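Participant: Contents of query-v3.tsv (TSV, C-alpha atoms and all ligand atoms) are given next:
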```tsv
chain	number	residue	atom	x	y	z
X	166	MET	CA	-19.69	31.00	0.67
X	167	LYS	CA	-18.03	30.08	-2.62
X	168	LYS	CA	-19.90	27.42	-4.57
X	169	PHE	CA	-16.79	25.91	-6.12
X	170	ALA	CA	-13.27	25.11	-5.02
X	171	ILE	CA	-10.43	24.93	-7.51
X	172	PHE	CA	-7.89	22.22	-6.76
X	173	LYS	CA	-4.28	22.42	-7.85
X	174	PRO	CA	-3.00	18.84	-8.18
X	175	ILE	CA	0.51	18.65	-6.73
X	176	GLY	CA	1.53	15.50	-8.57
X	177	THR	CA	0.51	12.18	-10.11
X	178	PHE	CA	0.61	8.55	-9.03
X	179	LYS	CA	2.33	5.97	-11.22
X	180	LYS	CA	3.43	2.40	-10.45
X	181	GLY	CA	4.03	2.71	-6.71
X	182	THR	CA	5.38	6.25	-6.89
X	183	ILE	CA	4.09	9.78	-6.52
X	184	HIS	CA	5.79	12.31	-8.78
X	185	ILE	CA	5.47	15.82	-7.42
X	186	HIS	CA	5.33	18.67	-9.94
X	187	LYS	CA	8.46	20.84	-10.03
X	188	LYS	CA	6.52	23.87	-8.80
X	189	TRP	CA	5.73	22.19	-5.44
X	190	ALA	CA	8.93	20.14	-4.97
X	191	LYS	CA	10.37	22.42	-2.26
X	192	GLY	CA	7.38	21.50	-0.11
X	193	LEU	CA	8.74	17.95	0.29
X	194	LYS	CA	11.63	19.05	2.51
X	195	GLY	CA	11.66	16.88	5.63
X	196	ILE	CA	9.01	14.43	4.48
X	197	GLU	CA	11.48	11.52	4.47
X	198	ASP	CA	11.60	11.69	8.28
X	199	PHE	CA	8.08	10.25	8.42
X	200	SER	CA	7.35	6.56	7.95
X	201	HIS	CA	3.72	7.04	6.92
X	202	LEU	CA	1.81	9.67	4.98
X	203	ILE	CA	-1.82	10.61	4.45
X	204	VAL	CA	-2.41	11.00	0.72
X	205	LEU	CA	-5.42	12.91	-0.59
X	206	PHE	CA	-6.25	12.41	-4.24
X	207	TRP	CA	-8.85	12.98	-6.93
X	208	LEU	CA	-10.68	9.80	-7.97
X	209	HIS	CA	-10.76	11.12	-11.52
X	210	GLN	CA	-12.49	8.10	-13.07
X	211	ALA	CA	-15.29	7.92	-10.49
X	212	GLU	CA	-18.81	7.21	-11.73
X	213	PRO	CA	-21.61	9.70	-10.96
X	214	THR	CA	-22.64	10.02	-7.32
X	215	LYS	CA	-25.03	7.48	-5.87
X	216	LEU	CA	-26.31	8.55	-2.46
X	217	LEU	CA	-27.45	5.07	-1.45
X	218	ILE	CA	-25.33	2.07	-2.35
X	219	HIS	CA	-24.68	-1.58	-1.60
X	220	PRO	CA	-21.20	-1.51	-0.02
X	221	GLN	CA	-18.62	-2.81	-2.52
X	222	ARG	CA	-21.51	-3.60	-4.88
X	223	VAL	CA	-22.48	-6.66	-2.82
X	224	GLU	CA	-26.22	-6.81	-3.34
X	225	SER	CA	-26.86	-9.03	-0.33
X	226	LEU	CA	-25.69	-6.16	1.86
X	227	PRO	CA	-28.24	-3.51	2.86
X	228	LYS	CA	-27.92	-0.14	1.09
X	229	VAL	CA	-26.17	2.57	3.10
X	230	GLY	CA	-25.48	6.26	2.48
X	231	VAL	CA	-22.41	7.15	0.43
X	232	PHE	CA	-20.93	9.05	3.38
X	233	ALA	CA	-20.99	5.83	5.41
X	234	THR	CA	-18.77	4.19	2.78
X	235	ARG	CA	-15.45	4.61	0.96
X	236	SER	CA	-17.16	4.51	-2.46
X	237	PRO	CA	-15.44	6.66	-5.13
X	238	SER	CA	-18.86	7.75	-6.47
X	239	ARG	CA	-19.38	10.74	-4.19
X	240	PRO	CA	-20.12	14.47	-4.71
X	241	ASN	CA	-16.43	15.35	-4.41
X	242	PRO	CA	-14.52	12.20	-5.38
X	243	ILE	CA	-11.66	12.79	-2.98
X	244	GLY	CA	-9.70	9.72	-1.90
X	245	LEU	CA	-7.79	9.43	1.36
X	246	THR	CA	-5.26	6.67	2.04
X	247	VAL	CA	-2.56	6.18	4.65
X	248	VAL	CA	0.56	4.85	2.92
X	249	LYS	CA	4.02	3.74	3.95
X	250	LEU	CA	6.81	5.96	2.66
X	251	LEU	CA	9.56	3.67	1.41
X	252	LYS	CA	11.97	6.31	0.09
X	253	ARG	CA	12.25	9.73	-1.48
X	254	ARG	CA	14.51	10.61	-4.39
X	255	GLY	CA	14.21	14.27	-5.33
X	256	ARG	CA	10.56	14.89	-6.08
X	257	THR	CA	9.60	11.21	-6.35
X	258	LEU	CA	8.12	9.32	-3.41
X	259	TRP	CA	8.06	5.52	-3.37
X	260	ILE	CA	5.01	4.41	-1.41
X	261	GLU	CA	3.33	1.18	-0.30
X	262	GLY	CA	-0.35	0.54	0.32
X	263	PHE	CA	-1.86	2.99	-2.14
X	264	ASP	CA	-5.21	1.98	-3.65
X	265	ALA	CA	-5.52	4.34	-6.65
X	266	TRP	CA	-4.96	3.73	-10.35
X	267	ASP	CA	-2.02	5.04	-12.35
X	268	LYS	CA	-2.42	8.67	-13.47
X	269	THR	CA	-4.56	9.53	-10.42
X	270	PRO	CA	-4.01	13.23	-9.59
X	271	ILE	CA	-2.59	13.84	-6.11
X	272	LEU	CA	-4.17	16.76	-4.25
X	273	ASP	CA	-2.22	16.83	-1.01
X	274	ILE	CA	0.15	14.92	1.26
X	275	LYS	CA	0.31	15.18	5.04
X	276	PRO	CA	2.46	13.31	7.55
X	277	TYR	CA	0.77	10.60	9.60
X	278	THR	CA	1.22	11.53	13.25
X	279	LYS	CA	0.35	10.31	16.73
X	280	GLY	CA	-2.84	12.32	16.72
X	281	ASP	CA	-4.13	10.33	13.73
X	282	ALA	CA	-3.92	6.97	15.50
X	283	ILE	CA	-7.16	5.93	17.15
X	284	LYS	CA	-6.82	2.78	19.22
X	285	SER	CA	-10.45	1.94	19.83
X	286	TYR	CA	-13.26	2.48	17.33
X	287	ASN	CA	-16.50	0.89	16.15
X	288	PHE	CA	-17.74	-0.08	12.72
X	289	PRO	CA	-20.92	-1.74	11.41
X	290	GLU	CA	-21.73	-5.43	10.99
X	291	TRP	CA	-21.73	-5.17	7.18
X	292	LEU	CA	-18.10	-4.02	7.22
X	293	LYS	CA	-17.11	-6.87	9.56
X	294	PHE	CA	-18.80	-9.15	7.02
X	295	LEU	CA	-16.73	-7.63	4.18
X	296	TYR	CA	-13.51	-8.11	6.14
X	297	ARG	CA	-14.43	-11.74	6.91
X	298	ASN	CA	-15.11	-12.45	3.22
X	299	LYS	CA	-12.34	-10.31	1.70
X	300	LYS	CA	-10.58	-13.10	-0.21
X	301	ARG	CA	-13.80	-14.60	-1.53
X	302	LEU	CA	-15.15	-11.22	-2.66
X	303	GLU	CA	-11.89	-10.33	-4.40
X	304	THR	CA	-12.16	-13.49	-6.51
X	305	ILE	CA	-15.76	-12.73	-7.39
X	306	ASN	CA	-14.85	-9.09	-8.11
X	307	LYS	CA	-12.24	-10.19	-10.64
X	308	LYS	CA	-14.90	-12.13	-12.49
X	309	ASP	CA	-17.12	-9.03	-12.31
X	310	ASP	CA	-19.91	-11.32	-11.26
X	311	LEU	CA	-20.99	-9.70	-8.03
X	312	LYS	CA	-24.69	-9.80	-8.75
X	313	LYS	CA	-24.61	-13.57	-8.93
X	314	THR	CA	-22.70	-13.97	-5.68
X	315	ASN	CA	-24.33	-16.21	-3.12
X	316	VAL	CA	-22.23	-14.66	-0.35
X	317	SER	CA	-25.00	-13.76	2.05
X	318	PHE	CA	-24.68	-11.09	4.67
X	319	PHE	CA	-27.70	-12.19	6.65
X	320	ARG	CA	-26.81	-15.88	6.53
X	321	ASN	CA	-23.38	-15.07	7.91
X	322	LYS	CA	-24.70	-12.85	10.69
X	323	LYS	CA	-24.58	-14.38	14.17
R	1	LIG	C1	-12.91	2.45	-2.60
R	1	LIG	S1	-11.81	3.74	-3.20
R	1	LIG	C2	-11.07	4.20	-1.66
R	1	LIG	C3	-9.95	5.18	-1.83
R	1	LIG	C4	-9.38	5.67	-0.51
R	1	LIG	N1	-8.70	4.63	0.25
R	1	LIG	C5	-10.47	6.29	0.32
R	1	LIG	O1	-10.91	5.65	1.28
R	1	LIG	O2	-10.88	7.41	0.05
R	1	LIG	C6	-10.54	2.78	-3.92
R	1	LIG	C7	-11.02	2.10	-5.17
R	1	LIG	O3	-11.37	3.10	-6.13
R	1	LIG	C8	-11.02	2.69	-7.43
R	1	LIG	N2	-10.12	3.71	-7.99
R	1	LIG	C9	-8.78	3.81	-7.88
R	1	LIG	N3	-8.31	4.89	-8.50
R	1	LIG	C10	-9.39	5.52	-9.03
R	1	LIG	C11	-9.56	6.70	-9.79
R	1	LIG	N4	-8.53	7.47	-10.13
R	1	LIG	N5	-10.82	7.05	-10.16
R	1	LIG	C12	-11.88	6.27	-9.83
R	1	LIG	N6	-11.78	5.13	-9.10
R	1	LIG	C13	-10.55	4.76	-8.70
R	1	LIG	C14	-10.34	1.32	-7.32
R	1	LIG	O4	-11.34	0.35	-7.57
R	1	LIG	C15	-9.92	1.29	-5.85
R	1	LIG	O5	-9.88	-0.02	-5.35
```
Output the file's structure as structure tokens, nothing else.
Facilitator:
Amino acid sequence: MKKFAIFKPIGTFKKGTIHIHKKWAKGLKGIEDFSHLIVLFWLHQAEPTKLLIHPQRVESLPKVGVFATRSPSRPNPIGLTVVKLLKRRGRTLWIEGFDAWDKTPILDIKPYTKGDAIKSYNFPEWLKFLYRNKKRLETINKKDDLKKTNVSFFRNKK
């Protein structure tokens, strides 16, 4: 087995758009017939891998393994996001719902299809806690003051 894989970025993200490199532009034919896309990208500014982490850096949450999270700090910092395709003009795609920074290299794009939609699934208590406190945590995050947060996972648990 090869020890390394070489990726060929197909484009770059900038201000709500993905610009596909000329070389790969032909590969976009027909993409505008899909409302949603799966975008795979390289989290190029990710910090070194941490195998055990507090989800979203909330220290009151128990540490979990990186593969049980969406943390960018992973052995292969590949991001995956389902986005809405608003329009395509030539080799530029206007998208909604993307969570990467400008200049993020795009590795691949696939259409979102029926087979991707799972109606019933389970997820852990700590993630339910993060969803419940989303607004509050976003405010704290902006202040970069997560360590001082008194948002308590255990206190909020039923
Ligand atoms: C938690 S990751 C999740 C990405 C994707 N939805 C996934 O699940 O793979 C998204 C966060 O990574 C950070 N981020 C965005 N672009 C990045 C980049 N190019 N390199 C490193 N971190 C990035 C931002 O803080 C963003 O909110």
Participant: Need the axis-aligned box for range 225-244 of chain X with 5 Å each side, so what are the centre and edges in Å to one decimal, as AutoDock Vina command-line options?
Facilitator:
```
--center_x -19.0 --center_y 3.2 --center_z -0.5 --size_x 28.5 --size_y 34.4 --size_z 21.9
```
Participant: Within 10 Å of Leu217 in chain X, counting only C-alpha atoms, which residues qualify if same-chain residues fewer than 6 places away don't, as a list in words?
Facilitator: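 Skipping anything fewer than 6 positions along the chain leaves Pro227, Lys228, Val229, Gly230, Val231, Phe232, Ala233 and Thr234 of chain X.
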Participant: Store the residues picked out above, limited to C-alpha atoms, as a PDB file, keeping the file's coordinate frame.
Facilitator:
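Listed below is the output, out-v5.pdb:
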```pdb
ATOM      1  CA  PRO X 227     -28.240  -3.510   2.860  1.00  0.00           C
ATOM      2  CA  LYS X 228     -27.920  -0.140   1.090  1.00  0.00           C
ATOM      3  CA  VAL X 229     -26.170   2.570   3.100  1.00  0.00           C
ATOM      4  CA  GLY X 230     -25.480   6.260   2.480  1.00  0.00           C
ATOM      5  CA  VAL X 231     -22.410   7.150   0.430  1.00  0.00           C
ATOM      6  CA  PHE X 232     -20.930   9.050   3.380  1.00  0.00           C
ATOM      7  CA  ALA X 233     -20.990   5.830   5.410  1.00  0.00           C
ATOM      8  CA  THR X 234     -18.770   4.190   2.780  1.00  0.00           C
TER       9      THR X 234
END
```
Participant: Do you know which residues lie at most 12 Å from (4.7, 22.3, -6.4), with coordinates as in the file and all atoms listed in the file counted, and could you write them as a ChimeraX atom specification?
Facilitator: /X:173-177,184-194,256,271-274
Participant: Would you mind telling me which residue in X:Leu202, X:Ile218, X:Val223, X:Ala211 lies nearest to ligand LIG 1 (chain R) when using only C-alpha atoms and all ligand atoms?
Facilitator: X:Ala211
Participant: Using only C-alpha atoms and all ligand atoms, what does the table of chain X residues within 7 Å of ligand LIG 1 (chain R) look like, with each row giving the shortest atom pair and its distance in Å to one decimal, sorted by chain and ascending number, as a Markdown table?
Facilitator:
```
| residue | atom | partner | partner_atom | distance |
| --- | --- | --- | --- | --- |
| X:Trp207 | CA | R:LIG1 | N4 | 6.4 |
| X:Leu208 | CA | R:LIG1 | N5 | 3.5 |
| X:His209 | CA | R:LIG1 | N5 | 4.3 |
| X:Gln210 | CA | R:LIG1 | N5 | 3.5 |
| X:Ala211 | CA | R:LIG1 | C12 | 3.8 |
| X:Arg235 | CA | R:LIG1 | O1 | 4.7 |
| X:Ser236 | CA | R:LIG1 | C1 | 4.7 |
| X:Pro237 | CA | R:LIG1 | S1 | 5.0 |
| X:Ile243 | CA | R:LIG1 | O2 | 6.2 |
| X:Gly244 | CA | R:LIG1 | O2 | 3.2 |
| X:Leu245 | CA | R:LIG1 | O2 | 3.9 |
| X:Thr246 | CA | R:LIG1 | N1 | 4.4 |
| X:Asp264 | CA | R:LIG1 | C15 | 5.2 |
| X:Ala265 | CA | R:LIG1 | N3 | 3.4 |
| X:Trp266 | CA | R:LIG1 | N3 | 4.0 |
| X:Thr269 | CA | R:LIG1 | N4 | 4.5 |
```
Participant: Extract, using only C-alpha atoms, all DNA, RNA and protein residues at most 8 Å from Thr182 in chain X, discarding same-chain residues fewer than 3 positions from it, and format them as a ChimeraX atom specification.
Facilitator: /X:178-179,257-260
Participant: Counting all atoms listed in the file, which of X:Tyr277, X:Ser285, X:Phe294, X:Asp267 gets nearest to Lys180 in chain X?
Facilitator: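 Nearest candidate to Lys180 in chain X out of X:Tyr277, X:Ser285, X:Phe294, X:Asp267: X:Asp267.
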Participant: Distance CA of Arg297 in chain X-CA of Ser225 in chain X, one decimal place?
Facilitator: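 Interatomic distance, CA of Arg297 in chain X to CA of Ser225 in chain X: 14.6 Å.
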Participant: So that I can see what lies close to Gly262 in chain X, please list as a short mmCIF file (atom, residue, chain, number, x, y, z; two decimals) with C-alpha atoms, keeping the file's coordinate frame the residues with an atom at most 9 Å from it, counting all atoms listed in the file and leaving out residues fewer than 5 positions away in the same chain.
Facilitator:
```cif
data_model
loop_
_atom_site.label_atom_id
_atom_site.label_comp_id
_atom_site.auth_asym_id
_atom_site.auth_seq_id
_atom_site.Cartn_x
_atom_site.Cartn_y
_atom_site.Cartn_z
CA GLY X 181 4.03 2.71 -6.71
CA THR X 246 -5.26 6.67 2.04
CA VAL X 247 -2.56 6.18 4.65
CA VAL X 248 0.56 4.85 2.92
CA LYS X 249 4.02 3.74 3.95
#
```
Participant: Can you tell me how far CA of Leu205 in chain X sits from CA of Lys275 in chain X, in Å to one decimal?
Facilitator: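 Interatomic distance, CA of Leu205 in chain X to CA of Lys275 in chain X: 8.3 Å.
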Participant: Using Å and a single decimal, report how far CA of Ile196 in chain X sits from CA of Glu261 in chain X.
Facilitator: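 Going from CA of Glu261 in chain X over to CA of Ile196 in chain X covers 15.2 Å.
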Participant: Rank X:Lys268, X:Arg222, X:Lys293, X:Lys284 by their smallest atom-to-atom distance to Ile305 in chain X, using only C-alpha atoms, and report the top residue only.
Facilitator: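 When distances to Ile305 in chain X are compared using only C-alpha atoms, the smallest one comes from X:Arg222.
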